[in-house]
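For reference, the structure discussed in these notes is given below.
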Amino acid sequence: MSDNINDTKKKVAGGIFWSFGERITAQLITTLVTIILARILDPSRYGIISIVTVLISLCNVFVTSGFGSALVQKKEADDTDFNTAFLLSFLFSWVLYGVLFLLAPSFAEFYGMDELNPVLRVMALRLPIASVNTIQQANISRRMEFKRFFFATLFGTIISGIVGIFMALNGFGVWALVCQYLTNVSVDTIILWFIGGWMPKLEFSLARAKKIYSFGWKVLVSELTYNLDAEIRSLVVGKKFGASDLAFYDQGRKYPSLLVTNINSSISKVMLPAYSKYQDDLPQLKKMLRKSIHISVYVLSPILLGFASISREFVAILLGDKWLPAVPYLQLFCILYLTRPLQTACHQTLLAIGRSDLVLYIMIILQTISISSLLAAAFLFSNMFLTAVGLLLAELVGLFCFAVVARREIDYRISEQIIDIGSSLGIACIMVMVIFLVDLLPLPLWPLLALKIIAGCLVYFLLSVFTKNASFCYIKKIIYDLKLKKGK
């Protein structure tokens with residue numbers, strides 16, 4: 001048993017390393033390609049793609065959410081399970097594609113963009129491609145071979161970027177973005193098809209389908225409510241307060257979200273298959289849960305609180321003084337995303353033990369409060385900033401719900417949760433106080449920003465060493481083992 005646990009720990013450490021590497025590499029390449037394309041193409045081309053992407057993303061939830069998670073969570077999943085899930089996902093993706101294909105002219109007429117019709121019909125081909133991709137990903141995730149994702153994503157991002165830039169330079173306009181979009185998911189899927197170690201067969205079991213659906217539909221609805229909330233929020237803010245306020249709101253959310261998505265998703269992507277291996281061993285599952293929360297908080301708390309502390313200099317230097325109204329939103333979202341480590345870890349744990357129903361209930365509560373507070377802030381108080389405060393309130397309620405359910409389901413006591421969060425959050429708060437002292441110095445923006453970053457990093461590192469923070473020691477050991485392995 002101890003050998004299995006040690007083997008899982010090694011796979012978790014390696015998985016986090018490769019998953020984080022995958023996200024960061026993809027983000028850097030995508031950002032570079034986006035900047036190049038933005039300099040070549042007219043902004044109106046991006047407007048068409050933005051509308052189409054929203055429509056496809058909502059449909060994509062039905063294809064990618066549920067089936068993959070059900071396969072990863074299932075304690076014993078064989079080829080029959082995978083083949084059944086593949087056929088369900090693949091056939092359903094073509095149904096959704098048919099719906100979008102038929103409705104494309106109506107969407108084009110509604111938005112007054114004739115070009116939207118063919119673009120939507122072509123880009124919607126992502127749905128059947130993604131249905132294949134999600135089952136391949138589930139198969140690799142179960143084996144915790146996350147290194148394969150790194151190479152598939154790397155090649156997909158690079159090749160699609162080259163295709164997009166080449167077509168943009170040769171005057172293909174919006175179709176450069178369309179081909180970049182489809183090339184990315186296609187190359188990723190093709191590579192996983194050949195290196196994934198699993199090939200689909202024409203095999204279907206109604207009994208297995210019912211079990212997969214029983215778990216998967218709750219995950220699907222949870223994801224759908226989350227995505228709908230984001231879209232409704234943008235529509236309401238843009239309609240009530242105008243494009244400028246929406247822009248400040250989006251810019252304030254964009255950068256903290258980028259940090260959290262790349263770090264927290266890398267950890268959570270690895271933890272679901274790891275948790276699922278011990279779904280019948282609750283003490284070991286709880287131990288792994290605590291470890292992942294401790295590491296997530298240790299990594300995210302200094303980044304988010306530190307980012308909030310340098311937000312004024314960051315916005316003024318990177319975006320310009322005209323974007324300074326976005327600073328309060330940026331600071332609030334940094335605090336909001338501090339809830340994610342505990343939320344995400346408990347979320348994945350509940351999925352691992354098969355309680356997708358509890359996740360669904362919590363997501364419904366969270367989104368109900370989120371939308372209600374949004375409507376109250378917009379139409380009752382007419383206060384733009386309160387829309388963001390309401391979202392923070394919803395996240396805190398969601399955090400409380402996950403904490404209570406974790407206490408009930410796996411005996412993860414509230415006092416233990418406070419300890420796991422507080423040990424790293426405490427030294428991050430001390431780091432912030434030092435940064436505020438640096439802020440008192442009468443320095444120009446660039447030197448002040450550099451000094452605040454250096455002081456924050458130095459203080460957090462020294463406090464981690466002095467307090468012998470468990471996560472710091474764990475990360476140091478992982479780096480040492482990787483160097484030792486590379487040396488051999």
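Labels for the structure tokens follow display order: chains A, B, ..., residues from 1 in each chain, ligands from 1.
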message: Env of Leu449 (chain A): 9 Å cut, atoms = only C-alpha atoms, seq-sep filter 6 positions within chain, self excluded. Answer as a PyMOL selection string.
response: chain A and resi 310+313-314+439
message: What's around region 396-406 of chain A at 10 Å? Count only C-alpha atoms, leave out sequence neighbours fewer than 4 positions away in its own chain, and write the answer as a PyMOL selection string.
response: chain A and resi 286+289+336+338-347+349-350+358-359+361-367+369-370+390-392+410-414+417
Can you write out the residues you just picked, keeping N, CA and C atoms, as a tab-separated table (two decimals), in the first residue's frame?
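This went into selection07.tsv:
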chain	number	residue	atom	x	y	z
A	286	LYS	N	-8.17	12.47	2.37
A	286	LYS	CA	-8.12	13.71	3.15
A	286	LYS	C	-6.70	14.24	3.25
A	289	LEU	N	-5.86	15.80	-0.01
A	289	LEU	CA	-6.61	17.05	-0.15
A	289	LEU	C	-5.90	18.18	0.61
A	336	LEU	N	-10.79	37.98	-4.35
A	336	LEU	CA	-11.82	36.99	-4.68
A	336	LEU	C	-11.20	35.64	-5.03
A	338	LEU	N	-8.57	34.30	-4.07
A	338	LEU	CA	-7.94	33.59	-2.95
A	338	LEU	C	-8.81	32.45	-2.44
A	339	THR	N	-10.10	32.50	-2.77
A	339	THR	CA	-11.01	31.43	-2.34
A	339	THR	C	-10.84	30.16	-3.17
A	340	ARG	N	-10.20	30.26	-4.34
A	340	ARG	CA	-10.18	29.17	-5.28
A	340	ARG	C	-9.43	27.91	-4.82
A	341	PRO	N	-8.28	28.02	-4.13
A	341	PRO	CA	-7.59	26.77	-3.74
A	341	PRO	C	-8.47	25.81	-2.95
A	342	LEU	N	-9.15	26.31	-1.90
A	342	LEU	CA	-10.00	25.45	-1.09
A	342	LEU	C	-11.23	25.01	-1.88
A	343	GLN	N	-11.83	25.94	-2.61
A	343	GLN	CA	-13.01	25.60	-3.43
A	343	GLN	C	-12.70	24.51	-4.43
A	344	THR	N	-11.63	24.70	-5.19
A	344	THR	CA	-11.29	23.77	-6.26
A	344	THR	C	-10.92	22.40	-5.71
A	345	ALA	N	-10.12	22.38	-4.65
A	345	ALA	CA	-9.69	21.10	-4.08
A	345	ALA	C	-10.88	20.31	-3.54
A	346	CYS	N	-11.78	20.99	-2.83
A	346	CYS	CA	-12.98	20.31	-2.30
A	346	CYS	C	-13.90	19.89	-3.43
A	347	HIS	N	-13.98	20.71	-4.46
A	347	HIS	CA	-14.78	20.38	-5.65
A	347	HIS	C	-14.29	19.07	-6.27
A	349	THR	N	-12.47	16.76	-4.91
A	349	THR	CA	-12.64	15.65	-3.96
A	349	THR	C	-14.04	15.09	-4.00
A	350	LEU	N	-15.04	15.97	-4.05
A	350	LEU	CA	-16.42	15.52	-4.11
A	350	LEU	C	-16.69	14.75	-5.40
A	358	LEU	N	-23.70	16.92	-4.97
A	358	LEU	CA	-23.40	17.98	-4.01
A	358	LEU	C	-22.74	19.17	-4.69
A	359	VAL	N	-21.86	18.88	-5.65
A	359	VAL	CA	-21.22	19.94	-6.42
A	359	VAL	C	-22.27	20.75	-7.15
A	361	TYR	N	-25.48	21.14	-6.38
A	361	TYR	CA	-26.27	21.95	-5.43
A	361	TYR	C	-25.50	23.21	-5.03
A	362	ILE	N	-24.21	23.05	-4.74
A	362	ILE	CA	-23.40	24.20	-4.33
A	362	ILE	C	-23.29	25.21	-5.46
A	363	MET	N	-23.09	24.72	-6.70
A	363	MET	CA	-22.97	25.63	-7.84
A	363	MET	C	-24.27	26.38	-8.09
A	364	ILE	N	-25.40	25.72	-7.87
A	364	ILE	CA	-26.69	26.39	-8.04
A	364	ILE	C	-26.84	27.51	-7.01
A	365	ILE	N	-26.47	27.22	-5.76
A	365	ILE	CA	-26.52	28.25	-4.70
A	365	ILE	C	-25.61	29.42	-5.05
A	366	LEU	N	-24.39	29.09	-5.46
A	366	LEU	CA	-23.39	30.12	-5.78
A	366	LEU	C	-23.87	31.01	-6.92
A	367	GLN	N	-24.37	30.40	-8.01
A	367	GLN	CA	-24.78	31.17	-9.17
A	367	GLN	C	-26.07	31.95	-8.90
A	369	ILE	N	-26.89	33.34	-6.00
A	369	ILE	CA	-26.45	34.54	-5.27
A	369	ILE	C	-25.72	35.48	-6.20
A	370	SER	N	-24.91	34.93	-7.09
A	370	SER	CA	-24.13	35.76	-8.00
A	370	SER	C	-25.03	36.58	-8.92
A	390	GLY	N	-20.66	41.80	-5.26
A	390	GLY	CA	-21.65	40.71	-5.20
A	390	GLY	C	-21.05	39.38	-5.63
A	391	LEU	N	-20.18	39.42	-6.62
A	391	LEU	CA	-19.51	38.20	-7.05
A	391	LEU	C	-18.60	37.67	-5.95
A	392	LEU	N	-17.91	38.58	-5.25
A	392	LEU	CA	-17.08	38.17	-4.11
A	392	LEU	C	-17.93	37.52	-3.03
A	410	ILE	N	-15.76	13.90	4.37
A	410	ILE	CA	-14.45	13.26	4.61
A	410	ILE	C	-13.82	13.67	5.93
A	411	ASP	N	-14.63	14.25	6.82
A	411	ASP	CA	-14.16	14.62	8.16
A	411	ASP	C	-13.00	15.62	8.10
A	412	TYR	N	-13.06	16.55	7.14
A	412	TYR	CA	-12.05	17.60	7.04
A	412	TYR	C	-12.55	18.79	7.85
A	413	ARG	N	-12.14	18.86	9.09
A	413	ARG	CA	-12.69	19.81	10.05
A	413	ARG	C	-12.34	21.26	9.67
A	414	ILE	N	-13.23	22.17	10.06
A	414	ILE	CA	-13.05	23.59	9.76
A	414	ILE	C	-11.74	24.10	10.37
A	417	GLN	N	-8.99	23.21	8.15
A	417	GLN	CA	-9.00	24.04	6.94
A	417	GLN	C	-8.36	25.40	7.21
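Proximity ranking of A:Ala377, A:Ile371, A:Leu182, A:Leu360 relative to Phe241 (chain A) places A:Ala377 first, based on only C-alpha atoms.
Picture a line from CA of Leu463 (chain A) to CA of Met433 (chain A); it runs 13.2 Å.
Pairwise distance (CA of Lys468 (chain A), CA of Pro283 (chain A)) equals 24.9 Å.
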